[in-house]
Amino acid sequence: MKLFEKLFRPRPPIRTRQELADFIDAQSAFIAQKGIYEYSRARAGHYAKVLFAEEGFAKAVEYARWQAYPLGLAMVGEMVDGVLRPHAGMQRRAVLDQMILVVLSVFDRYPVPPSIGEVAWLQARRELEHRLDLAGGHAPKRVMDIPEPLAESYFAMMPIHEKLRGRDFETTRNYLRVSLCNIHDELVDRIDAAAVTNTLLE
């Protein structure tokens with residue numbers, strides 16, 4: 001009975017800056033890592049267990065997931081901006097600036113991944129900030145279109161040799177689109193957008 005209640009109890013609401021940051025962190029990691037693991041397993045087929053047990057491949061996966069995490073933050077961050085924007089009114093830019101700070105604070109939760117290195121990690125942070133800043137310069141995109149500019153970069157990060165990837169780009173792009181739409185649905189279901197907007201402006 002307790003397991004049943006745990007599985008079906010309402011997910012906690014998102015009303016504060018901290019709760020928003022935790023949501024962005026979890027969902028960005030999810031969308032970035034799940035695609036890498038699932039694609040690698042699908043490509044490896046029956047040899048997946050053997051491949052994932054190899055030290056060299058494990059290092060490649062570790063590198064790929066940290067490489068992809070800032071892209072996850074960029075996609076989820078832009079999606080959050082689209083949800084908050086109708087509640088921001090004339091303070092739209094101020095809300096975006098604060099939301100960018102929330103996303104960057106999530107990035108800064110993690111030390112420099114050894115597989116990435118400090119120079120590349122700091123560059124990824126600058127690119128993340130720039131992408132989110134650009135999002136404020138145009139009307140909100142449809143959620144399914146947000147991954148479009150990043151899909152090729154994400155696909156190139158897969159820890160599978162490019163000669164073995166075949167024509168899988170469309171599958172990977174569709175994975176990002178569907179996943180981000182699902183994340184959007186969860187956010188809309190949980191967020192008190194007016195409260196979050198107010199707390200970002202405090």
# chains A, B, ... in the order shown; residues from 1 in each chain; ligands from 1

$ residues_around --residues "His130 in chain A" --least-positions-apart "3" --cutoff "12 Å" --atoms "only C-alpha atoms" --output "ChimeraX atom specification"
/A:70-71,74,77-78,97,100-101,103-104,123-127,133-137

$ residues_around --residues "Ile24 in chain A" --least-positions-apart "5" --cutoff "12 Å" --atoms "only C-alpha atoms" --output "PDB file with N, CA, C and O atoms, in the first residue's frame"
ATOM      1  N   ILE A  14       5.871  23.522  -7.712  1.00  0.00           N
ATOM      2  CA  ILE A  14       7.058  24.362  -7.893  1.00  0.00           C
ATOM      3  C   ILE A  14       6.620  25.800  -7.674  1.00  0.00           C
ATOM      4  O   ILE A  14       5.867  26.365  -8.478  1.00  0.00           O
ATOM      5  N   ARG A  17      12.283  29.679  -6.072  1.00  0.00           N
ATOM      6  CA  ARG A  17      13.485  29.655  -6.918  1.00  0.00           C
ATOM      7  C   ARG A  17      14.221  28.317  -6.763  1.00  0.00           C
ATOM      8  O   ARG A  17      14.677  27.745  -7.752  1.00  0.00           O
ATOM      9  N   GLN A  18      14.327  27.841  -5.526  1.00  0.00           N
ATOM     10  CA  GLN A  18      15.030  26.582  -5.277  1.00  0.00           C
ATOM     11  C   GLN A  18      14.305  25.405  -5.932  1.00  0.00           C
ATOM     12  O   GLN A  18      14.934  24.526  -6.532  1.00  0.00           O
ATOM     13  N   GLU A  19      13.004  25.385  -5.821  1.00  0.00           N
ATOM     14  CA  GLU A  19      12.233  24.296  -6.432  1.00  0.00           C
ATOM     15  C   GLU A  19      12.332  24.336  -7.952  1.00  0.00           C
ATOM     16  O   GLU A  19      12.402  23.293  -8.608  1.00  0.00           O
ATOM     17  N   ALA A  29      19.333  16.875 -16.720  1.00  0.00           N
ATOM     18  CA  ALA A  29      20.146  15.660 -16.643  1.00  0.00           C
ATOM     19  C   ALA A  29      19.420  14.494 -17.298  1.00  0.00           C
ATOM     20  O   ALA A  29      20.019  13.686 -18.015  1.00  0.00           O
ATOM     21  N   PHE A  30      18.117  14.429 -17.073  1.00  0.00           N
ATOM     22  CA  PHE A  30      17.323  13.338 -17.639  1.00  0.00           C
ATOM     23  C   PHE A  30      17.350  13.357 -19.162  1.00  0.00           C
ATOM     24  O   PHE A  30      17.668  12.358 -19.799  1.00  0.00           O
ATOM     25  N   ILE A  31      17.026  14.500 -19.758  1.00  0.00           N
ATOM     26  CA  ILE A  31      16.922  14.552 -21.205  1.00  0.00           C
ATOM     27  C   ILE A  31      18.283  14.331 -21.866  1.00  0.00           C
ATOM     28  O   ILE A  31      18.374  13.701 -22.943  1.00  0.00           O
ATOM     29  N   ALA A  32      19.350  14.802 -21.238  1.00  0.00           N
ATOM     30  CA  ALA A  32      20.684  14.637 -21.812  1.00  0.00           C
ATOM     31  C   ALA A  32      21.185  13.198 -21.686  1.00  0.00           C
ATOM     32  O   ALA A  32      21.690  12.616 -22.647  1.00  0.00           O
ATOM     33  N   TYR A  69      25.086  17.780 -20.901  1.00  0.00           N
ATOM     34  CA  TYR A  69      24.309  18.391 -19.822  1.00  0.00           C
ATOM     35  C   TYR A  69      24.018  19.874 -20.054  1.00  0.00           C
ATOM     36  O   TYR A  69      22.864  20.314 -19.874  1.00  0.00           O
ATOM     37  N   PRO A  70      24.998  20.700 -20.474  1.00  0.00           N
ATOM     38  CA  PRO A  70      24.673  22.107 -20.744  1.00  0.00           C
ATOM     39  C   PRO A  70      23.636  22.282 -21.859  1.00  0.00           C
ATOM     40  O   PRO A  70      22.872  23.243 -21.835  1.00  0.00           O
ATOM     41  N   LEU A  71      23.596  21.358 -22.822  1.00  0.00           N
ATOM     42  CA  LEU A  71      22.565  21.436 -23.859  1.00  0.00           C
ATOM     43  C   LEU A  71      21.189  21.158 -23.253  1.00  0.00           C
ATOM     44  O   LEU A  71      20.196  21.790 -23.626  1.00  0.00           O
ATOM     45  N   GLY A  72      21.147  20.205 -22.320  1.00  0.00           N
ATOM     46  CA  GLY A  72      19.900  19.948 -21.606  1.00  0.00           C
ATOM     47  C   GLY A  72      19.446  21.176 -20.838  1.00  0.00           C
ATOM     48  O   GLY A  72      18.258  21.538 -20.859  1.00  0.00           O
ATOM     49  N   LEU A  73      20.383  21.843 -20.173  1.00  0.00           N
ATOM     50  CA  LEU A  73      20.048  23.070 -19.447  1.00  0.00           C
ATOM     51  C   LEU A  73      19.521  24.148 -20.389  1.00  0.00           C
ATOM     52  O   LEU A  73      18.583  24.879 -20.050  1.00  0.00           O
ATOM     53  N   ALA A  74      20.128  24.267 -21.558  1.00  0.00           N
ATOM     54  CA  ALA A  74      19.690  25.281 -22.521  1.00  0.00           C
ATOM     55  C   ALA A  74      18.264  25.005 -22.994  1.00  0.00           C
ATOM     56  O   ALA A  74      17.436  25.929 -23.077  1.00  0.00           O
ATOM     57  N   MET A  75      17.963  23.749 -23.302  1.00  0.00           N
ATOM     58  CA  MET A  75      16.623  23.410 -23.793  1.00  0.00           C
ATOM     59  C   MET A  75      15.572  23.586 -22.706  1.00  0.00           C
ATOM     60  O   MET A  75      14.516  24.208 -22.931  1.00  0.00           O
ATOM     61  N   VAL A  76      15.852  23.073 -21.524  1.00  0.00           N
ATOM     62  CA  VAL A  76      14.883  23.180 -20.433  1.00  0.00           C
ATOM     63  C   VAL A  76      14.739  24.643 -19.991  1.00  0.00           C
ATOM     64  O   VAL A  76      13.634  25.114 -19.720  1.00  0.00           O
ATOM     65  N   GLY A  77      15.849  25.367 -19.967  1.00  0.00           N
ATOM     66  CA  GLY A  77      15.788  26.781 -19.588  1.00  0.00           C
ATOM     67  C   GLY A  77      14.934  27.595 -20.539  1.00  0.00           C
ATOM     68  O   GLY A  77      14.116  28.421 -20.108  1.00  0.00           O
ATOM     69  N   GLU A  78      15.104  27.384 -21.842  1.00  0.00           N
ATOM     70  CA  GLU A  78      14.286  28.115 -22.810  1.00  0.00           C
ATOM     71  C   GLU A  78      12.818  27.738 -22.679  1.00  0.00           C
ATOM     72  O   GLU A  78      11.927  28.592 -22.814  1.00  0.00           O
ATOM     73  N   MET A  79      12.555  26.475 -22.404  1.00  0.00           N
ATOM     74  CA  MET A  79      11.182  26.036 -22.214  1.00  0.00           C
ATOM     75  C   MET A  79      10.562  26.698 -20.988  1.00  0.00           C
ATOM     76  O   MET A  79       9.409  27.140 -21.019  1.00  0.00           O
ATOM     77  N   VAL A  80      11.328  26.808 -19.899  1.00  0.00           N
ATOM     78  CA  VAL A  80      10.838  27.483 -18.689  1.00  0.00           C
ATOM     79  C   VAL A  80      10.531  28.943 -18.985  1.00  0.00           C
ATOM     80  O   VAL A  80       9.504  29.474 -18.542  1.00  0.00           O
ATOM     81  N   ASP A  81      11.386  29.596 -19.748  1.00  0.00           N
ATOM     82  CA  ASP A  81      11.134  30.998 -20.111  1.00  0.00           C
ATOM     83  C   ASP A  81       9.796  31.137 -20.832  1.00  0.00           C
ATOM     84  O   ASP A  81       9.032  32.072 -20.568  1.00  0.00           O
ATOM     85  N   MET A  99      15.907  34.127 -14.417  1.00  0.00           N
ATOM     86  CA  MET A  99      15.817  32.721 -14.780  1.00  0.00           C
ATOM     87  C   MET A  99      17.167  32.207 -15.293  1.00  0.00           C
ATOM     88  O   MET A  99      17.587  31.095 -14.991  1.00  0.00           O
ATOM     89  N   ILE A 100      17.863  33.043 -16.056  1.00  0.00           N
ATOM     90  CA  ILE A 100      19.203  32.672 -16.521  1.00  0.00           C
ATOM     91  C   ILE A 100      20.133  32.448 -15.340  1.00  0.00           C
ATOM     92  O   ILE A 100      20.918  31.493 -15.315  1.00  0.00           O
ATOM     93  N   VAL A 102      19.269  31.450 -12.418  1.00  0.00           N
ATOM     94  CA  VAL A 102      18.884  30.172 -11.814  1.00  0.00           C
ATOM     95  C   VAL A 102      19.530  29.021 -12.575  1.00  0.00           C
ATOM     96  O   VAL A 102      20.107  28.106 -11.978  1.00  0.00           O
ATOM     97  N   VAL A 103      19.460  29.062 -13.901  1.00  0.00           N
ATOM     98  CA  VAL A 103      20.047  27.992 -14.715  1.00  0.00           C
ATOM     99  C   VAL A 103      21.561  27.927 -14.500  1.00  0.00           C
ATOM    100  O   VAL A 103      22.134  26.844 -14.347  1.00  0.00           O
ATOM    101  N   LEU A 104      22.210  29.076 -14.473  1.00  0.00           N
ATOM    102  CA  LEU A 104      23.661  29.093 -14.262  1.00  0.00           C
ATOM    103  C   LEU A 104      24.018  28.596 -12.861  1.00  0.00           C
ATOM    104  O   LEU A 104      25.057  27.959 -12.673  1.00  0.00           O
ATOM    105  N   SER A 105      23.163  28.867 -11.885  1.00  0.00           N
ATOM    106  CA  SER A 105      23.419  28.361 -10.526  1.00  0.00           C
ATOM    107  C   SER A 105      23.334  26.840 -10.507  1.00  0.00           C
ATOM    108  O   SER A 105      24.055  26.181  -9.745  1.00  0.00           O
ATOM    109  N   VAL A 106      22.469  26.282 -11.339  1.00  0.00           N
ATOM    110  CA  VAL A 106      22.391  24.829 -11.461  1.00  0.00           C
ATOM    111  C   VAL A 106      23.673  24.291 -12.092  1.00  0.00           C
ATOM    112  O   VAL A 106      24.251  23.309 -11.619  1.00  0.00           O
ATOM    113  N   PHE A 107      24.119  24.928 -13.151  1.00  0.00           N
ATOM    114  CA  PHE A 107      25.392  24.540 -13.781  1.00  0.00           C
ATOM    115  C   PHE A 107      26.520  24.561 -12.755  1.00  0.00           C
ATOM    116  O   PHE A 107      27.361  23.648 -12.706  1.00  0.00           O
ATOM    117  N   LEU A 180      11.160  16.769 -24.399  1.00  0.00           N
ATOM    118  CA  LEU A 180      10.972  18.137 -23.910  1.00  0.00           C
ATOM    119  C   LEU A 180       9.491  18.467 -23.798  1.00  0.00           C
ATOM    120  O   LEU A 180       9.080  19.178 -22.865  1.00  0.00           O
ATOM    121  N   ILE A 183       8.428  16.990 -20.543  1.00  0.00           N
ATOM    122  CA  ILE A 183       8.930  17.805 -19.442  1.00  0.00           C
ATOM    123  C   ILE A 183       8.083  19.067 -19.296  1.00  0.00           C
ATOM    124  O   ILE A 183       7.757  19.502 -18.186  1.00  0.00           O
ATOM    125  N   HIS A 184       7.722  19.655 -20.416  1.00  0.00           N
ATOM    126  CA  HIS A 184       6.859  20.849 -20.402  1.00  0.00           C
ATOM    127  C   HIS A 184       5.519  20.540 -19.744  1.00  0.00           C
ATOM    128  O   HIS A 184       5.023  21.317 -18.917  1.00  0.00           O
ATOM    129  N   GLU A 186       4.861  18.282 -17.553  1.00  0.00           N
ATOM    130  CA  GLU A 186       5.048  18.131 -16.106  1.00  0.00           C
ATOM    131  C   GLU A 186       5.212  19.495 -15.440  1.00  0.00           C
ATOM    132  O   GLU A 186       4.649  19.748 -14.366  1.00  0.00           O
ATOM    133  N   LEU A 187       5.983  20.379 -16.069  1.00  0.00           N
ATOM    134  CA  LEU A 187       6.192  21.709 -15.487  1.00  0.00           C
ATOM    135  C   LEU A 187       4.871  22.462 -15.367  1.00  0.00           C
ATOM    136  O   LEU A 187       4.569  23.027 -14.307  1.00  0.00           O
ATOM    137  N   ILE A 191       3.848  23.795 -11.746  1.00  0.00           N
ATOM    138  CA  ILE A 191       4.337  25.124 -11.397  1.00  0.00           C
ATOM    139  C   ILE A 191       3.205  26.085 -11.052  1.00  0.00           C
ATOM    140  O   ILE A 191       2.119  26.052 -11.654  1.00  0.00           O
TER     141      ILE A 191
END

$ closest_residue --among "A:Cys181, A:Ala68, A:Ala26, A:Ala194" --to "Leu150 in chain A" --atoms "only C-alpha atoms"
A:Ala68

$ atom_distance --atom1 "CA of Arg11 in chain A" --atom2 "CA of Arg173 in chain A"
27.9 Å

$ closest_residue --among "A:Glu62, A:Glu55, A:Asp22, A:Glu148" --to "Ser115 in chain A" --atoms "only C-alpha atoms"
A:Glu62

$ atom_distance --atom1 "CA of Pro114 in chain A" --atom2 "CA of Pro159 in chain A"
16.8 Å

$ select_by_dssp --residues "range 15-160 of chain A" --states "helix (DSSP H, G or I)" --output "PyMOL selection string"
chain A and resi 17-53+55-107+118-135+143-145+148-156

$ atom_distance --atom1 "CA of Arg93 in chain A" --atom2 "CA of Thr16 in chain A"
18.9 Å

$ closest_residue --among "A:Leu128, A:Gln98, A:Ala156, A:Gln67" --to "Pro113 in chain A" --atoms "only C-alpha atoms"
A:Gln67

$ residues_around --residues "Phe169 in chain A" --least-positions-apart "4" --cutoff "10 Å" --atoms "only C-alpha atoms" --output "list of chain:residue names"
A:Ala151, A:Glu152, A:Tyr154, A:Phe155, A:Ala156, A:Arg165, A:Arg173, A:Asn174, A:Tyr175

$ write_last_selection --atoms "all heavy atoms" --output "PDB file, in the first residue's frame"
ATOM      1  N   ALA A 151      20.073  19.858 -31.804  1.00  0.00           N
ATOM      2  CA  ALA A 151      19.936  18.413 -32.031  1.00  0.00           C
ATOM      3  C   ALA A 151      21.161  17.811 -32.702  1.00  0.00           C
ATOM      4  O   ALA A 151      21.609  16.716 -32.329  1.00  0.00           O
ATOM      5  CB  ALA A 151      18.687  18.145 -32.863  1.00  0.00           C
ATOM      6  N   GLU A 152      21.728  18.499 -33.695  1.00  0.00           N
ATOM      7  CA  GLU A 152      22.904  17.956 -34.375  1.00  0.00           C
ATOM      8  C   GLU A 152      24.099  17.879 -33.435  1.00  0.00           C
ATOM      9  O   GLU A 152      24.854  16.901 -33.459  1.00  0.00           O
ATOM     10  CB  GLU A 152      23.237  18.787 -35.610  1.00  0.00           C
ATOM     11  CG  GLU A 152      22.271  18.578 -36.762  1.00  0.00           C
ATOM     12  CD  GLU A 152      22.764  19.213 -38.052  1.00  0.00           C
ATOM     13  OE1 GLU A 152      23.950  19.595 -38.118  1.00  0.00           O
ATOM     14  OE2 GLU A 152      21.966  19.329 -38.992  1.00  0.00           O
ATOM     15  N   TYR A 154      23.983  17.558 -30.210  1.00  0.00           N
ATOM     16  CA  TYR A 154      23.697  16.475 -29.266  1.00  0.00           C
ATOM     17  C   TYR A 154      23.986  15.119 -29.907  1.00  0.00           C
ATOM     18  O   TYR A 154      24.632  14.260 -29.303  1.00  0.00           O
ATOM     19  CB  TYR A 154      22.244  16.566 -28.819  1.00  0.00           C
ATOM     20  CG  TYR A 154      21.818  15.475 -27.862  1.00  0.00           C
ATOM     21  CD1 TYR A 154      22.244  15.489 -26.534  1.00  0.00           C
ATOM     22  CD2 TYR A 154      20.984  14.440 -28.283  1.00  0.00           C
ATOM     23  CE1 TYR A 154      21.846  14.484 -25.652  1.00  0.00           C
ATOM     24  CE2 TYR A 154      20.587  13.444 -27.410  1.00  0.00           C
ATOM     25  CZ  TYR A 154      21.020  13.467 -26.103  1.00  0.00           C
ATOM     26  OH  TYR A 154      20.628  12.479 -25.228  1.00  0.00           O
ATOM     27  N   PHE A 155      23.538  14.932 -31.134  1.00  0.00           N
ATOM     28  CA  PHE A 155      23.761  13.660 -31.821  1.00  0.00           C
ATOM     29  C   PHE A 155      25.255  13.386 -32.008  1.00  0.00           C
ATOM     30  O   PHE A 155      25.719  12.249 -31.875  1.00  0.00           O
ATOM     31  CB  PHE A 155      23.044  13.670 -33.168  1.00  0.00           C
ATOM     32  CG  PHE A 155      23.138  12.376 -33.919  1.00  0.00           C
ATOM     33  CD1 PHE A 155      22.646  11.197 -33.376  1.00  0.00           C
ATOM     34  CD2 PHE A 155      23.712  12.330 -35.176  1.00  0.00           C
ATOM     35  CE1 PHE A 155      22.722   9.996 -34.066  1.00  0.00           C
ATOM     36  CE2 PHE A 155      23.792  11.139 -35.880  1.00  0.00           C
ATOM     37  CZ  PHE A 155      23.303   9.972 -35.324  1.00  0.00           C
ATOM     38  N   ALA A 156      26.017  14.438 -32.283  1.00  0.00           N
ATOM     39  CA  ALA A 156      27.465  14.286 -32.479  1.00  0.00           C
ATOM     40  C   ALA A 156      28.178  13.869 -31.200  1.00  0.00           C
ATOM     41  O   ALA A 156      29.309  13.366 -31.254  1.00  0.00           O
ATOM     42  CB  ALA A 156      28.056  15.595 -33.004  1.00  0.00           C
ATOM     43  N   ARG A 165      26.730   5.074 -36.663  1.00  0.00           N
ATOM     44  CA  ARG A 165      25.493   5.745 -36.267  1.00  0.00           C
ATOM     45  C   ARG A 165      24.387   5.625 -37.311  1.00  0.00           C
ATOM     46  O   ARG A 165      23.208   5.763 -36.995  1.00  0.00           O
ATOM     47  CB  ARG A 165      25.761   7.227 -35.982  1.00  0.00           C
ATOM     48  CG  ARG A 165      26.608   7.453 -34.744  1.00  0.00           C
ATOM     49  CD  ARG A 165      26.897   8.927 -34.564  1.00  0.00           C
ATOM     50  NE  ARG A 165      27.978   9.126 -33.612  1.00  0.00           N
ATOM     51  CZ  ARG A 165      28.697  10.232 -33.532  1.00  0.00           C
ATOM     52  NH1 ARG A 165      28.450  11.228 -34.361  1.00  0.00           N
ATOM     53  NH2 ARG A 165      29.664  10.339 -32.646  1.00  0.00           N
ATOM     54  N   ARG A 173      16.608  13.367 -32.855  1.00  0.00           N
ATOM     55  CA  ARG A 173      15.908  14.655 -32.797  1.00  0.00           C
ATOM     56  C   ARG A 173      14.483  14.470 -32.285  1.00  0.00           C
ATOM     57  O   ARG A 173      14.013  15.253 -31.455  1.00  0.00           O
ATOM     58  CB  ARG A 173      15.890  15.317 -34.177  1.00  0.00           C
ATOM     59  CG  ARG A 173      15.129  16.635 -34.186  1.00  0.00           C
ATOM     60  CD  ARG A 173      15.383  17.438 -35.439  1.00  0.00           C
ATOM     61  NE  ARG A 173      14.943  16.751 -36.631  1.00  0.00           N
ATOM     62  CZ  ARG A 173      15.072  17.267 -37.861  1.00  0.00           C
ATOM     63  NH1 ARG A 173      15.651  18.445 -38.025  1.00  0.00           N
ATOM     64  NH2 ARG A 173      14.658  16.604 -38.916  1.00  0.00           N
ATOM     65  N   ASN A 174      13.824  13.434 -32.748  1.00  0.00           N
ATOM     66  CA  ASN A 174      12.459  13.180 -32.283  1.00  0.00           C
ATOM     67  C   ASN A 174      12.429  12.833 -30.803  1.00  0.00           C
ATOM     68  O   ASN A 174      11.497  13.208 -30.082  1.00  0.00           O
ATOM     69  CB  ASN A 174      11.813  12.066 -33.101  1.00  0.00           C
ATOM     70  CG  ASN A 174      11.460  12.516 -34.505  1.00  0.00           C
ATOM     71  OD1 ASN A 174      11.287  13.707 -34.758  1.00  0.00           O
ATOM     72  ND2 ASN A 174      11.371  11.571 -35.431  1.00  0.00           N
ATOM     73  N   TYR A 175      13.468  12.115 -30.339  1.00  0.00           N
ATOM     74  CA  TYR A 175      13.570  11.820 -28.900  1.00  0.00           C
ATOM     75  C   TYR A 175      13.623  13.120 -28.105  1.00  0.00           C
ATOM     76  O   TYR A 175      12.919  13.276 -27.081  1.00  0.00           O
ATOM     77  CB  TYR A 175      14.808  10.971 -28.604  1.00  0.00           C
ATOM     78  CG  TYR A 175      15.286  11.126 -27.190  1.00  0.00           C
ATOM     79  CD1 TYR A 175      14.620  10.510 -26.136  1.00  0.00           C
ATOM     80  CD2 TYR A 175      16.375  11.955 -26.885  1.00  0.00           C
ATOM     81  CE1 TYR A 175      15.015  10.702 -24.818  1.00  0.00           C
ATOM     82  CE2 TYR A 175      16.782  12.147 -25.580  1.00  0.00           C
ATOM     83  CZ  TYR A 175      16.097  11.514 -24.551  1.00  0.00           C
ATOM     84  OH  TYR A 175      16.488  11.720 -23.246  1.00  0.00           O
TER      85      TYR A 175
END

$ closest_residue --among "A:Arg65, A:Arg131, A:Arg85, A:Arg142" --to "Thr197 in chain A" --atoms "only C-alpha atoms"
A:Arg85

$ closest_residue --among "A:Pro111, A:Tyr39, A:Pro10, A:Ala21" --to "Thr171 in chain A" --atoms "only C-alpha atoms"
A:Tyr39

$ closest_residue --among "A:Phe23, A:Arg177, A:Pro147, A:Trp66" --to "Ala120 in chain A" --atoms "only C-alpha atoms"
A:Trp66

$ decode --residues "range 136-155 of chain A" --atoms "N, CA and C atoms" --output "compact mmCIF listing (two decimals), in the first residue's frame"
# COMPACT_ATOMS: atom_id res chain seq x y z
N GLY A 136 15.51 35.34 -25.28
CA GLY A 136 14.68 36.48 -24.91
C GLY A 136 14.45 37.46 -26.04
N GLY A 137 15.15 37.25 -27.15
CA GLY A 137 15.04 38.19 -28.26
C GLY A 137 14.01 37.83 -29.30
N HIS A 138 13.29 36.75 -29.09
CA HIS A 138 12.27 36.36 -30.05
C HIS A 138 11.06 35.80 -29.31
N ALA A 139 9.98 35.65 -30.02
CA ALA A 139 8.77 35.07 -29.42
C ALA A 139 9.05 33.64 -28.99
N PRO A 140 8.38 33.18 -27.93
CA PRO A 140 8.60 31.80 -27.49
C PRO A 140 8.32 30.80 -28.62
N LYS A 141 9.21 29.84 -28.76
CA LYS A 141 9.02 28.80 -29.77
C LYS A 141 8.02 27.77 -29.28
N ARG A 142 7.48 27.01 -30.21
CA ARG A 142 6.76 25.81 -29.81
C ARG A 142 7.76 24.91 -29.09
N VAL A 143 7.32 24.23 -28.06
CA VAL A 143 8.24 23.41 -27.26
C VAL A 143 8.95 22.39 -28.14
N MET A 144 8.25 21.79 -29.07
CA MET A 144 8.86 20.77 -29.91
C MET A 144 9.95 21.32 -30.82
N ASP A 145 9.97 22.65 -31.02
CA ASP A 145 10.98 23.26 -31.88
C ASP A 145 12.22 23.73 -31.12
N ILE A 146 12.15 23.76 -29.81
CA ILE A 146 13.29 24.26 -29.02
C ILE A 146 14.56 23.44 -29.23
N PRO A 147 14.48 22.10 -29.32
CA PRO A 147 15.72 21.32 -29.50
C PRO A 147 16.36 21.48 -30.87
N GLU A 148 15.65 22.04 -31.84
CA GLU A 148 16.11 22.03 -33.23
C GLU A 148 17.54 22.55 -33.40
N PRO A 149 17.93 23.72 -32.85
CA PRO A 149 19.28 24.22 -33.08
C PRO A 149 20.38 23.39 -32.40
N LEU A 150 19.99 22.55 -31.44
CA LEU A 150 20.99 21.80 -30.66
C LEU A 150 21.01 20.31 -31.00
N ALA A 151 20.07 19.86 -31.80
CA ALA A 151 19.94 18.41 -32.03
C ALA A 151 21.16 17.81 -32.70
N GLU A 152 21.73 18.50 -33.69
CA GLU A 152 22.90 17.96 -34.37
C GLU A 152 24.10 17.88 -33.43
N SER A 153 24.28 18.92 -32.62
CA SER A 153 25.39 18.90 -31.65
C SER A 153 25.22 17.76 -30.66
N TYR A 154 23.98 17.56 -30.21
CA TYR A 154 23.70 16.48 -29.27
C TYR A 154 23.99 15.12 -29.91
N PHE A 155 23.54 14.93 -31.13
CA PHE A 155 23.76 13.66 -31.82
C PHE A 155 25.25 13.39 -32.01
